[in-house]
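Raw run-v8.cif, mmCIF, C-alpha atoms and all ligand atoms:
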data_my_file
loop_
_atom_site.label_atom_id
_atom_site.label_comp_id
_atom_site.auth_asym_id
_atom_site.auth_seq_id
_atom_site.Cartn_x
_atom_site.Cartn_y
_atom_site.Cartn_z
CA MET A 1 79.73 104.07 114.33
CA ASN A 2 77.75 104.29 111.12
CA TYR A 3 79.52 103.89 107.82
CA ILE A 4 77.96 105.37 104.75
CA VAL A 5 78.82 103.16 101.82
CA GLY A 6 78.50 105.18 98.68
CA MET A 7 80.30 106.63 95.78
CA LEU A 8 83.73 107.99 96.64
CA THR A 9 85.43 110.75 94.71
CA ILE A 10 88.93 110.56 93.26
CA VAL A 11 91.06 113.47 92.12
CA THR A 12 94.25 112.59 90.22
CA LEU A 13 97.40 114.66 89.79
CA ILE A 14 99.62 114.05 86.78
CA SER A 15 102.58 115.73 85.16
CA ASP A 16 102.68 114.16 81.70
CA ARG A 17 101.77 110.80 80.17
CA GLY A 18 99.13 109.68 82.65
CA SER A 19 99.21 105.98 81.78
CA ASN A 20 98.69 104.95 85.42
CA PHE A 21 95.68 107.22 85.63
CA GLU A 22 94.38 105.61 82.44
CA ALA A 23 94.89 102.12 83.89
CA ILE A 24 92.93 103.07 87.01
CA VAL A 25 90.05 104.58 85.03
CA LYS A 26 89.86 101.61 82.65
CA THR A 27 89.90 99.10 85.50
CA ALA A 28 87.18 101.09 87.27
CA GLN A 29 85.10 100.99 84.11
CA ASN A 30 85.67 97.28 83.48
CA GLU A 31 84.94 96.35 87.09
CA GLN A 32 82.17 98.94 87.46
CA TRP A 33 83.52 100.53 90.61
CA PRO A 34 81.15 102.94 92.35
CA VAL A 35 83.52 105.86 92.02
CA ARG A 36 83.52 109.37 90.64
CA PHE A 37 86.60 110.67 88.84
CA ALA A 38 85.99 114.31 89.67
CA GLY A 39 89.03 115.73 87.97
CA VAL A 40 92.58 115.48 86.75
CA ILE A 41 94.98 118.24 87.62
CA ALA A 42 98.23 118.67 85.69
CA ASN A 43 101.08 121.03 86.40
CA HIS A 44 101.86 121.29 82.68
CA LEU A 45 99.44 122.49 80.02
CA THR A 46 100.93 119.93 77.64
CA ALA A 47 100.50 116.88 79.88
CA LYS A 48 99.46 114.10 77.51
CA GLY A 49 97.19 112.43 80.06
CA LEU A 50 94.81 115.36 79.83
CA ASP A 51 93.68 114.11 76.40
CA PHE A 52 92.63 110.76 77.81
CA ALA A 53 90.75 112.50 80.63
CA ARG A 54 88.91 114.69 78.14
CA SER A 55 88.05 111.65 76.01
CA GLN A 56 86.38 110.16 79.10
CA GLY A 57 84.53 113.34 80.02
CA ILE A 58 86.64 113.75 83.15
CA PRO A 59 87.15 117.44 83.98
CA THR A 60 90.71 118.65 83.54
CA TYR A 61 92.55 121.44 85.30
CA VAL A 62 95.98 122.91 84.73
CA ILE A 63 97.77 124.58 87.61
CA GLU A 64 101.26 125.44 86.43
CA HIS A 65 103.85 125.46 89.16
CA LEU A 66 105.85 127.98 87.14
CA GLY A 67 103.05 130.47 87.65
CA HIS A 68 103.59 130.41 91.40
CA PRO A 69 106.34 132.23 93.31
CA THR A 70 106.67 129.55 96.00
CA ARG A 71 105.95 125.86 96.58
CA GLU A 72 103.54 126.95 99.28
CA SER A 73 101.44 129.08 96.96
CA PHE A 74 101.40 126.35 94.27
CA ASP A 75 100.31 123.78 96.83
CA ALA A 76 97.68 126.15 98.23
CA ALA A 77 96.21 126.46 94.73
CA LEU A 78 96.23 122.66 94.40
CA ILE A 79 94.52 122.23 97.77
CA GLU A 80 91.83 124.73 96.84
CA GLN A 81 91.06 122.94 93.57
CA ILE A 82 91.17 119.44 95.06
CA ASP A 83 88.90 120.45 97.95
CA ALA A 84 86.49 122.15 95.57
CA LEU A 85 86.21 118.81 93.73
CA GLY A 86 85.36 117.04 96.98
CA ALA A 87 88.16 114.47 96.90
CA ASP A 88 87.94 111.47 99.19
CA LEU A 89 91.17 110.15 97.68
CA VAL A 90 93.99 112.02 95.96
CA VAL A 91 95.96 109.85 93.54
CA LEU A 92 99.44 110.99 92.52
CA ALA A 93 100.09 109.34 89.17
CA GLY A 94 103.41 110.48 87.81
CA PHE A 95 103.11 113.86 89.52
CA MET A 96 106.68 115.05 89.50
CA ARG A 97 106.57 117.79 92.13
CA ILE A 98 107.71 117.62 95.71
CA LEU A 99 104.76 118.51 97.88
CA THR A 100 104.97 120.72 100.96
CA PRO A 101 104.37 119.35 104.47
CA GLY A 102 101.23 121.49 104.65
CA PHE A 103 99.78 119.80 101.55
CA ILE A 104 100.67 116.35 102.82
CA ARG A 105 99.15 117.01 106.26
CA HIS A 106 95.98 118.37 104.65
CA PHE A 107 95.40 115.09 102.80
CA ALA A 108 96.92 112.71 105.36
CA GLY A 109 95.55 109.20 105.02
CA ARG A 110 93.90 109.92 101.66
CA LEU A 111 96.93 110.75 99.52
CA ILE A 112 98.65 107.91 97.64
CA ASN A 113 101.53 107.70 95.18
CA ILE A 114 103.19 105.21 92.87
CA HIS A 115 106.96 105.07 92.73
CA PRO A 116 108.89 103.09 90.09
CA ALA A 117 111.07 101.07 92.46
CA LEU A 118 110.79 98.61 95.31
CA LEU A 119 110.94 101.13 98.14
CA PRO A 120 112.85 101.71 100.32
CA ALA A 121 115.31 100.89 97.50
CA PHE A 122 115.86 103.68 94.98
CA PRO A 123 113.80 106.63 96.20
CA GLY A 124 114.05 109.74 94.03
CA LEU A 125 114.70 109.97 90.31
CA HIS A 126 116.25 107.73 87.60
CA THR A 127 115.27 104.56 89.45
CA HIS A 128 115.66 102.20 86.47
CA LYS A 129 119.13 103.43 85.61
CA ARG A 130 120.19 103.15 89.25
CA ALA A 131 118.72 99.64 89.54
CA LEU A 132 120.68 98.52 86.48
CA GLU A 133 123.87 100.11 87.80
CA ALA A 134 123.36 98.40 91.17
CA GLY A 135 123.06 95.03 89.44
CA VAL A 136 119.84 94.03 91.20
CA THR A 137 118.04 90.96 89.89
CA GLU A 138 114.60 92.21 90.83
CA HIS A 139 113.04 95.64 90.46
CA GLY A 140 109.50 96.94 90.48
CA ALA A 141 107.09 99.53 91.80
CA THR A 142 105.49 100.57 95.06
CA VAL A 143 102.15 102.16 95.91
CA HIS A 144 102.25 103.96 99.25
CA PHE A 145 100.51 106.51 101.39
CA VAL A 146 102.34 109.81 101.17
CA THR A 147 104.02 111.14 104.28
CA GLU A 148 106.45 114.01 104.63
CA GLY A 149 109.64 112.18 103.61
CA VAL A 150 110.11 111.92 99.85
CA ASP A 151 109.10 108.44 98.62
CA GLU A 152 108.47 107.25 102.14
CA GLY A 153 105.21 106.36 103.78
CA PRO A 154 103.30 103.17 104.57
CA ILE A 155 103.44 100.69 101.69
CA ILE A 156 100.09 99.54 100.32
CA CYS A 157 101.46 97.09 97.78
CA GLN A 158 104.45 96.31 95.59
CA GLY A 159 104.94 94.67 92.23
CA THR A 160 108.17 92.97 91.26
CA VAL A 161 109.68 92.28 87.86
CA PRO A 162 112.86 90.40 86.95
CA VAL A 163 115.85 92.33 85.67
CA HIS A 164 117.32 90.65 82.61
CA LYS A 165 121.03 90.64 81.82
CA ASP A 166 120.56 92.49 78.55
CA ASP A 167 118.09 95.10 79.86
CA ASP A 168 118.57 98.73 79.05
CA VAL A 169 116.68 101.51 80.83
CA GLU A 170 113.85 101.49 78.27
CA ALA A 171 113.27 97.74 78.45
CA LEU A 172 113.28 97.73 82.23
CA ALA A 173 111.05 100.81 82.45
CA ALA A 174 108.49 99.19 80.15
CA ARG A 175 108.44 96.01 82.26
CA VAL A 176 108.00 98.03 85.45
CA LEU A 177 105.27 100.15 83.90
CA ALA A 178 103.31 97.00 83.05
CA ILE A 179 103.27 95.97 86.71
CA GLU A 180 102.48 99.55 87.76
CA HIS A 181 99.32 99.33 85.67
CA GLN A 182 98.35 96.20 87.60
CA ILE A 183 99.11 97.29 91.14
CA TYR A 184 97.85 100.88 91.17
CA PRO A 185 94.24 99.98 90.32
CA ARG A 186 94.34 97.25 93.01
CA ALA A 187 95.59 99.69 95.65
CA VAL A 188 92.94 102.28 94.73
CA LYS A 189 90.20 99.66 94.89
CA TRP A 190 91.37 98.51 98.32
CA PHE A 191 91.20 102.12 99.51
CA LEU A 192 87.71 102.59 98.07
CA ASP A 193 86.55 99.38 99.73
CA GLY A 194 87.80 100.63 103.09
CA ARG A 195 90.24 97.74 103.37
CA LEU A 196 93.37 99.72 104.27
CA ARG A 197 94.36 100.51 107.83
CA ILE A 198 97.55 102.38 108.60
CA GLU A 199 99.35 101.03 111.67
CA GLY A 200 102.57 102.88 112.31
CA ASN A 201 104.52 102.68 109.09
CA GLN A 202 102.63 99.63 107.87
CA VAL A 203 99.41 99.15 105.99
CA LYS A 204 97.18 96.30 107.10
CA LEU A 205 94.87 94.98 104.41
CA GLN A 206 91.58 93.64 105.78
CA PRO A 207 90.72 90.92 105.07
CA PRO A 208 94.33 89.99 104.38
CA GLU A 209 95.55 89.04 100.93
CA SER A 210 98.93 89.31 99.33
CA GLN A 211 100.17 92.87 98.91
CA LEU A 212 102.95 91.63 96.63
CA PHE A 213 102.38 91.17 92.92
CA LYS A 214 104.73 89.56 90.44
CA LEU A 215 104.86 89.93 86.70
C1 LIG A 301 105.52 106.13 86.41
O1 LIG A 301 106.54 105.24 86.11
C2 LIG A 301 105.51 106.46 87.89
O2 LIG A 301 105.85 105.37 88.71
C3 LIG A 301 106.55 107.53 87.97
O3 LIG A 301 106.36 108.31 86.81
C4 LIG A 301 105.81 107.50 85.79
C5 LIG A 301 104.55 108.18 85.32
O4 LIG A 301 103.99 107.50 84.24
N1 LIG A 301 106.42 108.31 89.16
C6 LIG A 301 107.45 108.84 89.79
O5 LIG A 301 108.60 108.74 89.41
C7 LIG A 301 107.08 109.61 91.03
N2 LIG A 301 108.24 109.89 91.81
P1 LIG A 301 102.51 107.78 83.80
O6 LIG A 301 102.37 109.30 83.72
O7 LIG A 301 102.38 107.15 82.46
O8 LIG A 301 101.59 107.20 84.83
#
What would you get if you wrote out this structure as structure tokens?
Amino acid sequence: MNYIVGMLTIVTLISDRGSNFEAIVKTAQNEQWPVRFAGVIANHLTAKGLDFARSQGIPTYVIEHLGHPTRESFDAALIEQIDALGADLVVLAGFMRILTPGFIRHFAGRLINIHPALLPAFPGLHTHKRALEAGVTEHGATVHFVTEGVDEGPIICQGTVPVHKDDDVEALAARVLAIEHQIYPRAVKWFLDGRLRIEGNQVKLQPPESQLFKL
């Protein structure tokens, strides 16, 4: 089989701040990745991350879910835009919508997400508050391929942070975000380098290196 090694195209979906997207773009710039950021799509006109995208000359698109009668029609509009941009990889970076099975199947194997917890612990929302309430001593973030279950799917890498006795939600969230900004660029780069192979519910990194990061 012939492999064409060239410039791959990333499309990113955000809902608001977009700091993970920013971390990925900055790492790509610093490390001179051969990659094209073809567009950022937000489901809110006011998503703050759109400003960073514009400042980098990355095309921005707003597809408001509220403008669509069903999840299916919203996702169909997303698919149309993402396909038009020629995405090799779709990066969910704080995209706070549940995606339909049809969307997930369409991008199977090239759709990744970051979740602010050490999955399978704390799927869903309010992860930092729930981690504090559970009294865990370690918390963190997970980058994973997206499959049809919410916050499931083969894990690409995880980053752990300690939980301190006097942490509140804000302090813990800030510590987790710092490790998110380290692990998401690494996961994206591994994908771009063709180093990720999905085997069942696991991701094999070739050649192997640690898929666990610590702050
Ligand atoms: C991040 O903490 C990310 O892990 C989380 O939203 C935040 C987005 O921040 N994602 C989820 O909760 C997805 N279920 P950002 O917009 O600054 O990247």
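Using all atoms listed in the file, the smallest distance between any of A:His106, A:Ser15, A:Leu99, A:Arg36 and Glu64 of chain A comes from A:Ser15.
Closest approach to Thr9 of chain A among A:Val35, A:Ile98, A:Leu205, A:Ala178 is made by A:Val35 (distances from all atoms listed in the file).
Among the candidate residues A:Gln202, A:Ala38, A:Ala134, A:Ile183, the one lying nearest to Ile58 of chain A is A:Ala38, with distances computed using only C-alpha atoms.
The residue that comes closest to ligand LIG 301 (chain A), out of A:Thr147, A:Gln81, A:Thr142, A:Thr60 and on the basis of only C-alpha atoms and all ligand atoms, is A:Thr142.
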Using all atoms listed in the file: which of A:Gln158, A:Asn43, A:Asn113, A:Thr100 has the shortest distance to ligand LIG 301 (chain A) = A:Asn113
